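As provided, final-v5.csv (CSV, C-alpha atoms) reads as follows.
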chain,number,residue,atom,x,y,z
G,1,MET,CA,86.0,125.0,94.1
G,2,LEU,CA,85.1,123.0,97.2
G,3,ARG,CA,82.0,120.7,97.4
G,4,ILE,CA,80.9,118.7,100.4
G,5,ARG,CA,79.2,115.3,99.7
G,6,PHE,CA,78.9,112.2,101.8
G,7,TYR,CA,79.3,108.8,100.1
G,8,ASN,CA,79.5,105.7,102.2
G,9,LEU,CA,81.6,102.6,101.5
G,10,GLY,CA,79.1,101.0,99.2
G,11,GLN,CA,78.2,104.1,97.2
G,12,TYR,CA,81.2,104.4,95.0
G,13,PRO,CA,79.1,103.9,91.8
G,14,GLN,CA,77.0,106.9,92.7
G,15,GLU,CA,80.2,108.8,93.5
G,16,GLU,CA,81.6,107.9,90.0
G,17,GLN,CA,78.4,109.1,88.4
G,18,TRP,CA,78.4,112.4,90.3
G,19,LEU,CA,82.1,113.1,89.3
G,20,HIS,CA,81.1,112.4,85.7
G,21,GLU,CA,78.2,114.8,85.9
G,22,MET,CA,80.4,117.5,87.4
G,23,ALA,CA,82.9,117.0,84.6
G,24,ALA,CA,80.1,117.5,82.1
G,25,GLN,CA,79.6,120.9,83.6
G,26,GLY,CA,83.3,121.7,83.4
G,27,TRP,CA,84.2,120.9,87.1
G,28,ILE,CA,87.2,118.4,87.1
G,29,ILE,CA,88.0,116.6,90.4
G,30,GLN,CA,91.6,117.3,91.6
G,31,LYS,CA,91.5,115.7,95.0
G,32,SER,CA,89.4,114.7,98.0
G,33,VAL,CA,90.0,115.0,101.7
G,34,LEU,CA,88.2,112.8,104.2
G,35,PRO,CA,85.4,112.5,105.0
G,36,CYS,CA,83.5,114.5,102.5
G,37,PHE,CA,85.5,117.4,100.9
G,38,TYR,CA,86.0,117.4,97.1
G,39,PHE,CA,88.2,120.0,95.3
G,40,PHE,CA,87.4,120.8,91.7
G,41,GLN,CA,89.1,122.9,89.0
G,42,LYS,CA,87.1,124.7,86.3
G,43,GLU,CA,87.9,123.6,82.8
G,44,LYS,CA,85.7,123.2,79.7
G,45,PRO,CA,82.9,120.6,79.9
G,46,GLN,CA,84.1,117.1,79.2
G,47,ASP,CA,82.7,113.6,78.8
G,48,ILE,CA,84.9,111.8,81.4
G,49,VAL,CA,84.3,108.4,82.9
G,50,TYR,CA,85.5,107.9,86.5
G,51,ARG,CA,86.1,104.6,88.2
G,52,PHE,CA,87.2,103.5,91.6
G,53,ASP,CA,89.3,100.5,92.6
G,54,PHE,CA,89.7,99.7,96.3
G,55,LEU,CA,93.2,98.6,97.2
G,56,PRO,CA,94.0,98.6,100.9
G,57,CYS,CA,97.8,98.6,100.5
G,58,VAL,CA,100.2,101.3,99.0
G,59,ARG,CA,102.3,98.8,97.1
G,60,GLN,CA,99.2,97.4,95.5
G,61,GLN,CA,98.1,100.9,94.6
G,62,ASP,CA,101.4,101.7,92.9
G,63,ASP,CA,101.4,98.5,90.9
G,64,SER,CA,97.8,98.9,89.9
G,65,ILE,CA,98.3,102.5,88.8
G,66,ASN,CA,101.1,101.4,86.4
G,67,LEU,CA,98.9,98.6,85.0
G,68,PHE,CA,95.9,100.9,84.6
G,69,GLU,CA,98.0,103.5,82.7
G,70,ASP,CA,98.9,100.8,80.1
G,71,TYR,CA,95.1,100.5,79.5
G,72,GLY,CA,94.8,104.2,79.0
G,73,TRP,CA,93.4,105.1,82.4
G,74,LYS,CA,94.7,108.3,84.1
G,75,TYR,CA,95.3,108.2,87.9
G,76,ILE,CA,93.7,111.1,89.7
G,77,THR,CA,94.0,110.6,93.4
G,78,GLN,CA,93.4,108.1,96.2
G,79,MET,CA,90.7,108.6,98.9
G,80,ASN,CA,90.9,106.3,101.9
G,81,ASP,CA,92.3,103.5,99.7
G,82,PHE,CA,89.7,104.1,97.0
G,83,VAL,CA,92.0,104.7,93.9
G,84,LEU,CA,90.4,107.0,91.4
G,85,PHE,CA,91.0,106.7,87.6
G,86,CYS,CA,89.5,108.5,84.6
G,87,LYS,CA,89.2,108.2,80.9
G,88,GLN,CA,87.9,110.5,78.1
G,89,ALA,CA,84.8,108.6,77.1
G,90,LYS,CA,85.0,109.6,73.4
G,91,ASP,CA,88.3,107.9,72.9
G,92,PHE,CA,87.2,104.5,73.9
G,93,SER,CA,84.5,101.9,73.3
G,94,ASN,CA,82.0,101.0,76.1
G,95,SER,CA,83.8,97.8,77.2
G,96,ASP,CA,87.0,99.8,77.7
G,97,LEU,CA,85.2,102.2,80.1
G,98,GLU,CA,84.8,99.5,82.8
G,99,ILE,CA,87.7,98.3,85.0
G,100,PHE,CA,86.2,94.9,85.8
G,101,SER,CA,85.4,92.4,83.1
G,102,SER,CA,84.2,89.5,85.3
G,103,PRO,CA,81.6,89.3,88.1
G,104,GLU,CA,84.2,87.5,90.3
G,105,SER,CA,86.6,90.4,90.2
G,106,LYS,CA,83.7,92.9,90.9
G,107,ASN,CA,82.8,90.7,93.9
G,108,GLU,CA,86.4,90.6,95.1
G,109,MET,CA,86.5,94.4,95.3
G,110,ILE,CA,83.4,94.3,97.5
G,111,MET,CA,85.0,91.6,99.7
G,112,ARG,CA,88.2,93.8,100.1
G,113,ILE,CA,86.1,96.7,101.3
G,114,LEU,CA,84.2,94.4,103.7
G,115,LYS,CA,87.4,92.8,105.1
G,116,SER,CA,89.5,95.9,105.5
G,117,ARG,CA,86.9,98.5,106.4
G,118,LEU,CA,83.4,97.5,107.2
G,119,ILE,CA,84.1,94.4,109.3
G,120,PRO,CA,86.6,96.2,111.6
G,121,VAL,CA,84.3,99.2,111.9
G,122,SER,CA,81.4,96.8,112.7
G,123,PHE,CA,83.5,95.4,115.6
G,124,VAL,CA,84.0,98.9,116.9
G,125,LEU,CA,80.2,99.5,116.6
G,126,GLY,CA,79.7,96.3,118.6
G,127,PHE,CA,82.0,97.6,121.3
G,128,MET,CA,80.1,100.9,121.3
G,129,ILE,CA,76.8,99.1,121.7
G,130,LEU,CA,78.2,97.2,124.7
G,131,LEU,CA,79.5,100.4,126.2
G,132,CYS,CA,76.1,102.1,125.7
G,133,ILE,CA,74.3,99.2,127.4
G,134,TYR,CA,76.9,99.4,130.3
G,135,THR,CA,76.2,103.1,130.9
G,136,TRP,CA,72.4,102.5,131.0
G,137,VAL,CA,72.5,99.3,133.1
G,138,PHE,CA,75.0,100.6,135.7
G,139,GLY,CA,73.2,103.9,136.2
G,140,HIS,CA,75.8,106.4,135.1
G,141,SER,CA,75.0,110.1,134.8
G,142,TRP,CA,72.2,111.1,132.4
G,143,ASP,CA,74.8,113.0,130.3
G,144,SER,CA,77.0,110.0,129.6
G,145,LYS,CA,73.9,107.9,128.8
G,146,VAL,CA,72.7,110.4,126.2
G,147,ILE,CA,76.2,111.0,124.7
G,148,THR,CA,76.9,107.3,124.3
G,149,THR,CA,73.5,106.6,122.9
G,150,VAL,CA,73.6,109.4,120.4
G,151,CYS,CA,77.1,108.5,119.2
G,152,THR,CA,76.3,104.8,119.0
G,153,GLY,CA,73.1,105.6,117.1
G,154,ILE,CA,75.0,107.7,114.5
G,155,VAL,CA,77.7,105.1,114.0
G,156,PHE,CA,75.0,102.4,113.8
G,157,VAL,CA,73.1,104.2,111.0
G,158,VAL,CA,76.3,104.8,109.0
G,159,VAL,CA,77.5,101.2,109.4
G,160,ALA,CA,74.1,99.8,108.6
G,161,SER,CA,73.7,101.9,105.5
G,162,CYS,CA,77.2,100.8,104.3
G,163,TRP,CA,76.2,97.1,104.8
G,164,ILE,CA,72.9,97.7,102.9
G,165,GLU,CA,74.6,99.4,100.0
G,166,LEU,CA,77.4,96.8,99.7
G,167,MET,CA,75.0,93.9,99.9
G,168,ASN,CA,72.8,95.5,97.2
G,169,LEU,CA,75.9,95.9,95.0
G,170,LYS,CA,76.7,92.2,95.6
G,171,LYS,CA,73.2,91.2,94.6
G,172,LYS,CA,73.4,93.3,91.4
G,173,ILE,CA,76.5,91.4,90.4
G,174,GLN,CA,74.8,88.0,90.7
K,175,MET,CA,97.7,68.8,93.8
K,176,ASN,CA,96.4,70.9,96.7
K,177,ASP,CA,92.6,70.5,97.2
K,178,ARG,CA,92.0,74.2,97.6
K,179,ILE,CA,93.8,75.0,94.4
K,180,MET,CA,91.8,72.4,92.5
K,181,ARG,CA,88.5,73.8,93.9
K,182,THR,CA,89.5,77.3,93.0
K,183,TYR,CA,90.9,76.7,89.5
K,184,SER,CA,88.8,73.8,88.2
K,185,PRO,CA,86.7,74.6,86.4
K,186,MET,CA,88.7,77.7,85.5
K,187,THR,CA,87.4,81.1,84.6
K,188,GLU,CA,88.2,82.3,81.1
K,189,THR,CA,90.3,85.1,82.6
K,190,ALA,CA,92.4,82.7,84.5
K,191,PHE,CA,92.8,80.4,81.5
K,192,TYR,CA,94.1,83.1,79.2
K,193,ILE,CA,96.5,84.4,81.9
K,194,LEU,CA,98.0,81.0,82.5
K,195,TYR,CA,98.1,80.3,78.8
K,196,PHE,CA,100.0,83.4,77.9
K,197,LEU,CA,102.3,83.2,81.0
K,198,GLN,CA,103.8,80.0,79.8
K,199,ASN,CA,106.3,82.6,78.6
K,200,PRO,CA,107.3,85.7,80.6
K,201,ASP,CA,105.0,88.7,80.0
K,202,HIS,CA,103.1,91.6,81.6
K,203,GLY,CA,99.4,92.2,82.3
K,204,TYR,CA,98.5,94.6,79.5
K,205,SER,CA,100.3,92.4,76.9
K,206,ILE,CA,98.3,89.4,78.1
K,207,SER,CA,95.1,91.4,77.7
K,208,LEU,CA,96.0,92.5,74.1
K,209,GLN,CA,96.9,88.9,73.1
K,210,THR,CA,93.7,87.5,74.7
K,211,ALA,CA,91.5,89.9,72.7
K,212,LYS,CA,93.3,89.0,69.5
K,213,ILE,CA,93.3,85.3,69.9
K,214,SER,CA,89.6,85.2,71.0
K,215,ASP,CA,88.5,87.6,68.2
K,216,ASN,CA,87.5,90.1,71.0
K,217,GLN,CA,85.1,87.5,72.6
K,218,VAL,CA,87.2,87.7,75.8
K,219,SER,CA,88.5,90.9,77.2
K,220,ILE,CA,90.3,91.3,80.5
K,221,SER,CA,89.9,94.8,82.1
K,222,PRO,CA,92.7,96.2,84.3
K,223,GLY,CA,90.9,95.8,87.7
K,224,THR,CA,90.2,92.1,86.8
K,225,MET,CA,93.8,91.6,85.5
K,226,TYR,CA,95.4,93.1,88.5
K,227,GLY,CA,93.2,91.2,90.9
K,228,SER,CA,93.8,87.9,89.1
K,229,LEU,CA,97.5,88.3,88.9
K,230,SER,CA,97.7,89.1,92.6
K,231,LYS,CA,95.6,86.1,93.5
K,232,MET,CA,97.5,83.7,91.2
K,233,GLU,CA,100.8,84.9,92.6
K,234,LYS,CA,99.5,84.4,96.2
K,235,ASP,CA,98.3,80.9,95.2
K,236,GLY,CA,101.7,80.0,93.7
K,237,LEU,CA,100.5,79.6,90.1
K,238,ILE,CA,102.6,82.5,88.8
K,239,GLU,CA,105.8,84.2,89.9
K,240,PHE,CA,107.3,87.6,89.5
K,241,VAL,CA,110.3,87.4,87.1
K,242,ARG,CA,111.6,91.0,86.8
K,243,GLN,CA,110.7,94.6,86.5
K,244,ASP,CA,110.7,96.1,83.0
K,245,GLY,CA,110.5,99.8,83.5
K,246,LYS,CA,107.1,100.3,85.2
K,247,ARG,CA,105.9,96.9,84.2
K,248,LYS,CA,106.0,93.7,86.2
K,249,ILE,CA,106.9,90.6,84.2
K,250,TYR,CA,105.4,87.3,85.4
K,251,GLN,CA,105.6,83.7,84.4
K,252,ASN,CA,103.9,80.4,85.3
K,253,THR,CA,105.4,78.3,88.1
K,254,THR,CA,105.5,74.5,87.7
K,255,LEU,CA,102.2,74.4,89.6
K,256,GLY,CA,100.7,77.0,87.3
K,257,ASN,CA,101.7,74.9,84.2
K,258,GLU,CA,100.2,71.8,85.9
K,259,VAL,CA,96.9,73.5,86.6
K,260,LEU,CA,96.8,74.9,83.1
K,261,GLN,CA,97.4,71.5,81.6
K,262,ARG,CA,94.6,69.9,83.7
K,263,GLU,CA,92.2,72.5,82.4
K,264,ILE,CA,93.3,72.0,78.8
K,265,ASP,CA,92.7,68.3,79.3
K,266,ARG,CA,89.3,68.9,80.8
K,267,ILE,CA,88.3,71.3,77.9
K,268,HIS,CA,89.5,68.7,75.4
K,269,ARG,CA,87.4,66.0,77.0
K,270,LEU,CA,84.3,68.2,77.0
K,271,TYR,CA,85.0,69.1,73.3
K,272,LEU,CA,85.3,65.5,72.3
K,273,ASN,CA,82.2,64.5,74.2
K,274,SER,CA,80.3,67.4,72.6
K,275,LYS,CA,80.9,65.9,69.3
K,276,GLY,CA,79.6,62.6,70.5
K,277,GLN,CA,83.0,61.1,70.7
K,278,VAL,CA,84.0,58.9,73.7
K,279,PHE,CA,86.8,60.2,75.8
K,280,LYS,CA,89.5,57.7,76.9
K,281,LYS,CA,91.9,58.8,79.7
K,282,GLY,CA,95.0,58.1,77.5
K,283,ASP,CA,93.7,60.7,75.0
K,284,ASP,CA,95.2,63.4,77.2
K,285,GLU,CA,98.7,62.7,75.9
K,286,ASP,CA,97.7,63.5,72.4
K,287,ALA,CA,96.3,67.0,73.3

What's the structure tokens form of this structure?
Amino acid sequence: MLRIRFYNLGQYPQEEQWLHEMAAQGWIIQKSVLPCFYFFQKEKPQDIVYRFDFLPCVRQQDDSINLFEDYGWKYITQMNDFVLFCKQAKDFSNSDLEIFSSPESKNEMIMRILKSRLIPVSFVLGFMILLCIYTWVFGHSWDSKVITTVCTGIVFVVVASCWIELMNLKKKIQ
Amino acid sequence: MNDRIMRTYSPMTETAFYILYFLQNPDHGYSISLQTAKISDNQVSISPGTMYGSLSKMEKDGLIEFVRQDGKRKIYQNTTLGNEVLQREIDRIHRLYLNSKGQVFKKGDDEDA
């Protein structure tokens, strides 16, 4: 079954919760394709906990998967460098259902997301804003003004919401 | 010792302390986690995301080094710098403990620790 959902860079906790709720109804995530396509398989309802770790390098992902498996986590898939793990909740105590045991390491994950995704994308947004201003100031055709403004507007909203969500996550850790 | 290393690792988080303590001998991440839980009576646990992040950071900072691959597991051990940083932290904790008992700490006391 295919479901379409949008989660931005700072909404991985909500995404984890949604996958958990789907599993409770018997829909088990198999893989995801950018930017918003999730493929599920029907099985019996299960109490599964899902957790993402963000690792922007393939070698890190491989090393991390091996370590997580030692702890009883099962690797599912990777989505845009967000590596997805799961555990059957009934087999473990609450503390074993989290992948970070210190606020510093939770914060470091957010910093990795910022450095390798959000900051570069923000630079692109900055460039788009300059381009937009250029098309307005130097009197280009009405079409190009509208197109650049709409595109810049959409990217701005997406990037701003990512910043807000990630900063909220950072605040919650404090 | 490098200023940046001192600022990062002193005072040290409990996670870093237990990793450096157990990597005085070659070992892998999950084993460190099990031993930490045992020795601290489950007061301290190191989850996999935290363990992986800490091992990566300490390797980058030169406190630990990769020794060998054991099947799928990566075996690490402290470097000389790692052992120095660990000893500094042990001395600091020792001083705090003595002072907490109302005992005066003398610099030479380090050698007895």

Problem set entry | Interface list for chain G, partner chain K, 6 Å threshold, all atoms listed in the file, as a PyMOL selection string | chain G and resi 68+99-101+105

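We find atom CA of Glu69 of chain G and atom CA of Asn257 of chain K to be spaced 28.9 Å apart.
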
Problem set entry | Contacts of Phe123 of chain G within 12 Å, only C-alpha atoms, excl. fewer than 5 positions in-chain, as a PyMOL selection string | chain G and resi 114-118+128-130+155-156+159

Exercise. Interatomic distance between atom CA of Tyr195 of chain K and atom CA of Arg59 of chain G?
Worked result: 26.4 Å

Problem set entry | Contacts of Lys170 of chain G within 12 Å, only C-alpha atoms, excl. fewer than 4 positions in-chain, as a VMD selection string | chain G and resid 10 103 to 111 113 to 114 163 to 166 174

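Closest approach to Asn80 of chain G among G:Ile28, G:Leu9, G:Leu131, G:Met167 is made by G:Leu9 (distances from all atoms listed in the file).
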
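Coordinates place atom CA of Glu239 of chain K at a distance of 14.5 Å from atom CA of Ala190 of chain K.
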
For this session: Name the residues in contact with Tyr38 of chain G at a cut-off of 8 Å, using all atoms listed in the file, excluding same-chain residues fewer than 6 positions from it; report them as a PyMOL selection string.
Result: chain G and resi 2-5+29-32

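With all atoms listed in the file as the basis for measurement, K:Tyr183 is the residue among K:Phe279, K:Phe240, K:Tyr250, K:Tyr183 that approaches Glu263 of chain K most closely.
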
Problem set entry | Close residues, Ser184 of chain K itself excluded, 9 Å, only C-alpha atoms, min 3 positions apart in chain, as number ranges by chain | K: 179-181, 187, 259, 262-263, 266

Please produce a file of the residues just selected, as a compact mmCIF listing (two decimals), in the frame of the given file, where the atoms kept are C-alpha atoms.
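File again24.txt, as written:
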# COMPACT_ATOMS: atom_id res chain seq x y z
CA ILE K 179 93.80 75.00 94.40
CA MET K 180 91.80 72.40 92.50
CA ARG K 181 88.50 73.80 93.90
CA THR K 187 87.40 81.10 84.60
CA VAL K 259 96.90 73.50 86.60
CA ARG K 262 94.60 69.90 83.70
CA GLU K 263 92.20 72.50 82.40
CA ARG K 266 89.30 68.90 80.80

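Compared by their closest atoms to Asp201 of chain K, and using all atoms listed in the file, the residues K:Gly236, K:Ser214, K:Thr182, K:Gln243 rank with K:Gln243 nearest.
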
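Of the listed residues K:Asn176, K:Gln209, K:Asn199, K:Asn273, the one whose atoms come nearest to Asn252 of chain K is K:Asn199, with distances taken using only C-alpha atoms.
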
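Nearest to Leu237 of chain K of all the residues K:Ile249, K:Leu197, K:Pro185, K:Arg269 is K:Leu197, based on all atoms listed in the file.
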
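Those residues that approach Lys90 of chain G to within 9 Å, counting only C-alpha atoms, are Asp47, Ile48, Lys87 and Ser93 of chain G; same-chain residues fewer than 3 positions away are not listed.
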
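Nearest residue to Ile119 of chain G among G:Ala160, G:Pro45, G:Phe52, G:Phe92 is G:Ala160, counting all atoms listed in the file.
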